[in-house]
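Coordinates as given in model-v6.cif (mmCIF, C-alpha atoms and all ligand atoms):
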```cif
data_upload
#
loop_
_atom_site.label_atom_id
_atom_site.label_comp_id
_atom_site.auth_asym_id
_atom_site.auth_seq_id
_atom_site.Cartn_x
_atom_site.Cartn_y
_atom_site.Cartn_z
CA MET A 1 -15.37 13.67 11.90
CA THR A 2 -16.61 16.20 14.42
CA TYR A 3 -14.60 19.27 15.28
CA LEU A 4 -15.55 20.65 18.64
CA PHE A 5 -14.37 24.04 19.94
CA ILE A 6 -14.62 25.19 23.55
CA ALA A 7 -12.86 27.82 25.68
CA ASP A 8 -12.96 29.54 29.05
CA LEU A 9 -14.20 26.66 31.17
CA HIS A 10 -12.22 28.00 34.14
CA LEU A 11 -12.30 24.58 35.82
CA SER A 12 -11.40 24.50 39.49
CA PRO A 13 -12.25 22.40 42.55
CA GLU A 14 -14.43 25.30 43.76
CA HIS A 15 -16.93 24.78 40.92
CA PRO A 16 -17.64 21.04 40.64
CA ARG A 17 -20.62 21.65 38.34
CA LEU A 18 -18.29 22.99 35.63
CA VAL A 19 -16.02 19.97 36.02
CA ARG A 20 -19.09 17.72 35.73
CA GLY A 21 -20.23 19.64 32.64
CA PHE A 22 -16.87 18.99 31.00
CA LEU A 23 -16.87 15.29 31.95
CA ASP A 24 -20.39 14.96 30.48
CA LEU A 25 -19.20 16.66 27.29
CA LEU A 26 -16.44 14.06 26.92
CA VAL A 27 -18.99 11.25 27.29
CA HIS A 28 -21.41 12.91 24.86
CA TYR A 29 -18.73 13.23 22.15
CA GLN A 30 -16.89 10.00 22.93
CA ASN A 31 -18.24 8.02 19.95
CA LYS A 32 -18.31 10.83 17.41
CA ASN A 33 -14.72 10.67 16.18
CA THR A 34 -14.14 14.04 17.81
CA GLN A 35 -11.30 16.48 17.41
CA LEU A 36 -11.64 18.50 20.59
CA TYR A 37 -10.05 21.96 20.54
CA ILE A 38 -9.74 23.73 23.89
CA LEU A 39 -8.81 27.34 23.15
CA GLY A 40 -7.44 28.38 26.52
CA ASP A 41 -8.53 29.06 30.09
CA TRP A 42 -9.46 25.43 30.45
CA PHE A 43 -8.50 25.88 34.09
CA ASN A 44 -9.08 28.83 36.34
CA ALA A 45 -5.43 28.75 37.33
CA TRP A 46 -2.49 26.47 36.61
CA ILE A 47 0.51 26.52 38.90
CA GLY A 48 2.45 23.81 37.10
CA ASP A 49 2.19 20.32 35.63
CA ASP A 50 3.51 18.87 38.91
CA TYR A 51 0.29 19.92 40.68
CA SER A 52 -1.99 17.03 41.50
CA ALA A 53 -5.38 16.63 43.17
CA ALA A 54 -8.19 14.07 43.28
CA TRP A 55 -10.56 16.12 41.08
CA LEU A 56 -7.82 16.48 38.49
CA ASP A 57 -7.03 12.75 38.58
CA GLU A 58 -10.67 12.03 37.73
CA LEU A 59 -10.45 14.45 34.83
CA VAL A 60 -7.24 12.86 33.52
CA GLU A 61 -8.84 9.39 33.66
CA ALA A 62 -11.81 10.63 31.63
CA LEU A 63 -9.48 12.27 29.11
CA LYS A 64 -7.52 9.02 28.74
CA GLN A 65 -10.77 7.16 28.00
CA PHE A 66 -11.83 9.86 25.56
CA HIS A 67 -8.55 9.43 23.71
CA HIS A 68 -8.68 5.65 23.77
CA ALA A 69 -12.16 5.80 22.21
CA GLY A 70 -10.54 7.32 19.12
CA ASN A 71 -10.78 11.05 19.81
CA GLN A 72 -8.05 13.66 19.85
CA ILE A 73 -7.52 16.65 22.13
CA TYR A 74 -5.77 19.89 21.20
CA PHE A 75 -4.99 22.65 23.66
CA GLN A 76 -3.99 26.28 23.38
CA VAL A 77 -3.02 28.10 26.55
CA GLY A 78 -5.07 31.01 27.86
CA ASN A 79 -4.13 33.92 30.10
CA ARG A 80 -4.93 31.85 33.20
CA ASP A 81 -3.44 28.47 32.33
CA PHE A 82 -0.42 29.53 30.29
CA ALA A 83 1.83 27.41 32.52
CA LEU A 84 0.09 24.21 31.39
CA GLY A 85 2.43 22.13 29.30
CA GLN A 86 3.29 18.91 27.54
CA ARG A 87 3.92 16.97 30.76
CA PHE A 88 0.25 17.21 31.75
CA LEU A 89 -1.07 16.81 28.20
CA LYS A 90 0.93 13.72 27.28
CA GLN A 91 -0.96 11.66 29.88
CA PHE A 92 -3.86 11.55 27.43
CA HIS A 93 -1.88 12.16 24.23
CA ALA A 94 -3.13 15.70 23.74
CA SER A 95 -1.29 18.20 21.57
CA LEU A 96 -0.14 21.61 22.70
CA LEU A 97 -0.87 24.10 19.92
CA PRO A 98 0.98 27.39 19.41
CA ASP A 99 -0.71 30.58 20.69
CA ILE A 100 -1.90 31.24 17.15
CA ASP A 101 -2.72 28.26 14.98
CA THR A 102 -4.52 27.53 11.72
CA LEU A 103 -6.72 24.63 10.74
CA THR A 104 -8.42 23.69 7.49
CA ILE A 105 -11.77 21.88 7.49
CA GLY A 106 -12.92 21.14 3.95
CA HIS A 107 -12.13 24.41 2.21
CA LEU A 108 -12.61 26.53 5.34
CA HIS A 109 -9.41 28.18 6.50
CA ILE A 110 -9.64 28.78 10.21
CA ARG A 111 -7.48 30.68 12.66
CA LEU A 112 -7.54 29.65 16.30
CA GLU A 113 -6.38 31.68 19.28
CA HIS A 114 -7.37 32.29 22.87
CA GLY A 115 -8.24 35.92 22.16
CA ASP A 116 -6.22 37.90 24.69
CA LEU A 117 -3.73 38.99 22.01
CA LEU A 118 -6.60 40.65 20.12
CA CYS A 119 -7.37 42.93 23.07
CA THR A 120 -4.68 45.45 22.17
CA ASP A 121 -6.55 48.37 23.80
CA ASP A 122 -5.74 46.84 27.19
CA VAL A 123 -2.19 48.14 27.18
CA SER A 124 -1.42 47.29 30.81
CA TYR A 125 -2.49 43.68 30.31
CA GLN A 126 -0.38 43.33 27.14
CA LYS A 127 2.65 44.62 29.07
CA PHE A 128 1.98 42.18 31.90
CA ARG A 129 1.54 39.35 29.38
CA LYS A 130 4.92 40.04 27.81
CA ILE A 131 6.63 39.81 31.18
CA ILE A 132 4.82 36.77 32.56
CA ARG A 133 5.11 34.80 29.31
CA ASN A 134 8.88 35.31 29.11
CA PRO A 135 10.34 31.77 28.96
CA LEU A 136 13.15 32.66 31.39
CA LEU A 137 10.73 33.94 34.04
CA LEU A 138 8.38 31.03 33.45
CA GLY A 139 11.28 28.59 33.81
CA PHE A 140 12.34 30.27 37.04
CA LEU A 141 8.80 30.13 38.45
CA LYS A 142 8.47 26.46 37.54
CA SER A 143 11.60 25.76 39.58
CA MET A 144 10.02 27.27 42.71
CA PRO A 145 8.17 25.07 45.24
CA LEU A 146 4.48 24.35 44.59
CA SER A 147 3.37 26.12 47.78
CA PHE A 148 5.11 29.32 46.68
CA ARG A 149 3.49 29.15 43.24
CA GLN A 150 0.10 28.60 44.87
CA LYS A 151 0.46 31.79 46.90
CA LEU A 152 1.63 33.71 43.86
CA ALA A 153 -1.35 32.51 41.80
CA ASN A 154 -3.80 33.56 44.52
CA GLY A 155 -2.22 37.01 44.59
CA PHE A 156 -2.48 37.37 40.79
CA ARG A 157 -6.11 36.34 40.81
CA GLN A 158 -7.04 38.93 43.43
CA LYS A 159 -5.16 41.63 41.55
CA SER A 160 -6.81 40.67 38.26
CA ALA A 161 -10.29 40.70 39.82
CA ALA A 162 -9.63 44.12 41.31
CA THR A 163 -8.36 45.74 38.08
CA LYS A 164 -11.22 44.21 36.05
CA GLN A 165 -13.68 46.28 38.06
CA VAL A 166 -11.86 49.46 37.11
CA LYS A 167 -11.27 48.77 33.40
CA SER A 168 -14.01 49.76 30.98
CA TYR A 169 -16.09 47.20 29.10
CA ALA A 170 -14.72 48.43 25.77
CA ILE A 171 -11.06 48.12 26.73
CA MET A 172 -11.52 44.45 27.55
CA ASP A 173 -13.00 43.59 24.14
CA VAL A 174 -11.08 42.89 20.95
CA ASN A 175 -9.61 45.73 18.91
CA GLN A 176 -11.15 45.91 15.40
CA GLN A 177 -7.81 46.64 13.74
CA ALA A 178 -6.27 43.60 15.43
CA VAL A 179 -9.20 41.47 14.28
CA VAL A 180 -8.97 42.60 10.64
CA GLN A 181 -5.26 41.86 10.64
CA ALA A 182 -5.76 38.46 12.27
CA MET A 183 -8.36 37.49 9.67
CA GLN A 184 -6.36 38.56 6.63
CA SER A 185 -5.58 35.10 5.31
CA VAL A 186 -8.43 33.04 6.80
CA ASP A 187 -12.19 32.68 6.34
CA VAL A 188 -13.01 32.12 9.98
CA LEU A 189 -11.46 33.23 13.28
CA ILE A 190 -12.41 31.27 16.38
CA HIS A 191 -11.49 32.62 19.80
CA GLY A 192 -12.70 32.95 23.36
CA HIS A 193 -11.44 35.08 26.25
CA THR A 194 -13.84 38.05 26.03
CA HIS A 195 -16.81 36.11 27.45
CA ARG A 196 -19.03 37.63 24.76
CA PRO A 197 -20.22 34.61 22.76
CA ASN A 198 -21.37 35.66 19.31
CA ILE A 199 -20.80 35.23 15.59
CA HIS A 200 -19.72 38.41 13.83
CA SER A 201 -19.71 38.74 10.03
CA LEU A 202 -16.93 40.76 8.44
CA ASN A 203 -17.24 40.96 4.64
CA ASN A 204 -17.51 37.27 3.77
CA LYS A 205 -15.65 36.19 6.87
CA LYS A 206 -16.79 35.12 10.28
CA ARG A 207 -15.42 35.78 13.75
CA ILE A 208 -16.78 33.21 16.16
CA VAL A 209 -16.48 34.04 19.85
CA LEU A 210 -16.88 31.01 22.10
CA GLY A 211 -18.62 31.44 25.42
CA ASP A 212 -17.27 31.16 28.94
CA TRP A 213 -18.75 28.33 31.01
CA ARG A 214 -21.41 29.90 33.18
CA ALA A 215 -23.47 28.41 36.04
CA HIS A 216 -25.51 26.00 33.90
CA GLU A 217 -24.52 26.39 30.26
CA ALA A 218 -21.87 27.38 27.75
CA GLN A 219 -21.83 28.40 24.08
CA ILE A 220 -19.70 25.97 22.10
CA LEU A 221 -19.06 25.33 18.39
CA GLU A 222 -19.31 22.12 16.43
CA ILE A 223 -18.21 21.73 12.80
CA ASP A 224 -18.81 18.53 10.87
CA ASP A 225 -16.13 17.97 8.22
CA ASN A 226 -18.73 16.38 5.91
CA GLN A 227 -20.59 19.66 5.72
CA PRO A 228 -18.23 22.51 6.59
CA ASP A 229 -20.48 24.78 4.50
CA GLN A 230 -23.26 24.44 7.03
CA ASP A 231 -24.43 27.68 8.54
CA LEU A 232 -22.07 27.98 11.50
CA GLN A 233 -23.98 28.43 14.74
CA LEU A 234 -23.02 28.42 18.38
CA LYS A 235 -24.56 25.59 20.32
CA THR A 236 -25.68 25.67 23.94
CA TRP A 237 -24.15 22.98 26.12
CA CYS A 238 -26.21 22.56 29.30
CA TYR A 239 -25.05 20.93 32.51
MN MN B 301 -8.99 34.34 28.99
#
```
Step by step, read the file and then write its structure as structure tokens.
Amino acid sequence: MTYLFIADLHLSPEHPRLVRGFLDLLVHYQNKNTQLYILGDWFNAWIGDDYSAAWLDELVEALKQFHHAGNQIYFQVGNRDFALGQRFLKQFHASLLPDIDTLTIGHLHIRLEHGDLLCTDDVSYQKFRKIIRNPLLLGFLKSMPLSFRQKLANGFRQKSAATKQVKSYAIMDVNQQAVVQAMQSVDVLIHGHTHRPNIHSLNNKKRIVLGDWRAHEAQILEIDDNQPDQDLQLKTWCY
């Protein structure tokens, strides 16, 4: 069985190459008995499971085929697509994982998360996250018309792009204390979000940071359950 980990694809109709790269990935792993883990920010924005568009329909069809070929899809929300839910995922029998989840492959104990919760130095973001992720507010927003949610999402994106230019590089990375705490009872931590793909060694543990999907390539992780002891390496997926 192949475990495949990806994050931060930021798919949108504005970047068809990324969508194509993801569709190609599904084809490439279709016959490999794949457990596909998408650790958040699959989409650049998500205004609700009732949103529909032609490019998304094509994606859903490919995901259905991927599932029918014997593969499974797991999804954790990111800071951009936290409104994505079961209604969208059930079309291709994907599972919605909690924000923090664990997985065991062979004797490897692995923790999975998007990564934004580890960035505790970014106090203003953590405050914003608490508000926007409140189930009551999220429920209220989901009850608003699509067009209103679209406008709101555009506003958020502009604001986020503007503040990112002001915040320092260090503030937007993980906090070491938060990492040590997160890795207490696991051997490996896999996350994305920071867009700094790398494998960090901490004592005998590993923190694997998945890459964001750039113009032509992305850093992804593959673990084969027959040889979980293999030297874990990021792999470049080109498109
Ligand atoms: Mn993110």
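Minimum atom-to-atom distance to Pro197 in chain A, evaluated using only C-alpha atoms, belongs to A:Gln233 out of A:Gln184, A:Gln233, A:Ser12, A:Ser168.
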* Please provide as a PyMOL selection string all residues within 12 Å of Thr34 in chain A, with the sequence filter that same-chain residues fewer than 6 positions apart are discarded (counting only C-alpha atoms). => chain A and resi 1-5+25-28+66-74+222-225
* Counting only C-alpha atoms, the residue of A:Asp81, A:Asp41, A:Ala7, A:Leu136 that sits nearest Ile208 in chain A -> A:Ala7
* **Protein and nucleic residues near ligand MN 301 (chain B), 10 Å, all atoms listed in the file, as a PyMOL selection string** => chain A and resi 7-10+39-44+77-82+114-117+191-195+212
* Check the smallest atom-to-atom distance from each of A:Glu61, A:Glu217, A:Asp122, A:Glu113 to Val188 in chain A using all atoms listed in the file, then report the winner. =>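 Distance minimum relative to Val188 in chain A lands on A:Glu113.
For the residues A:Ile6, A:Ala218, A:Ala53, A:Met183, ranking by smallest atom-to-atom distance to Asn203 in chain A using all atoms listed in the file places A:Met183 first.
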* Counting only C-alpha atoms, what is within 8 Å of Ile105 in chain A, bar same-chain residues fewer than 3 positions away, as a list in words? ->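 Here the qualifying residues turn out to be Leu108, His109, Ile110, Asp225 and Pro228 of chain A.
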* Minimum-distance residue to Tyr169 in chain A, chosen among A:Cys238, A:Leu103, A:Cys119, A:Leu56 (using only C-alpha atoms) ->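 Under the stated criterion, the closest residue is A:Cys119.
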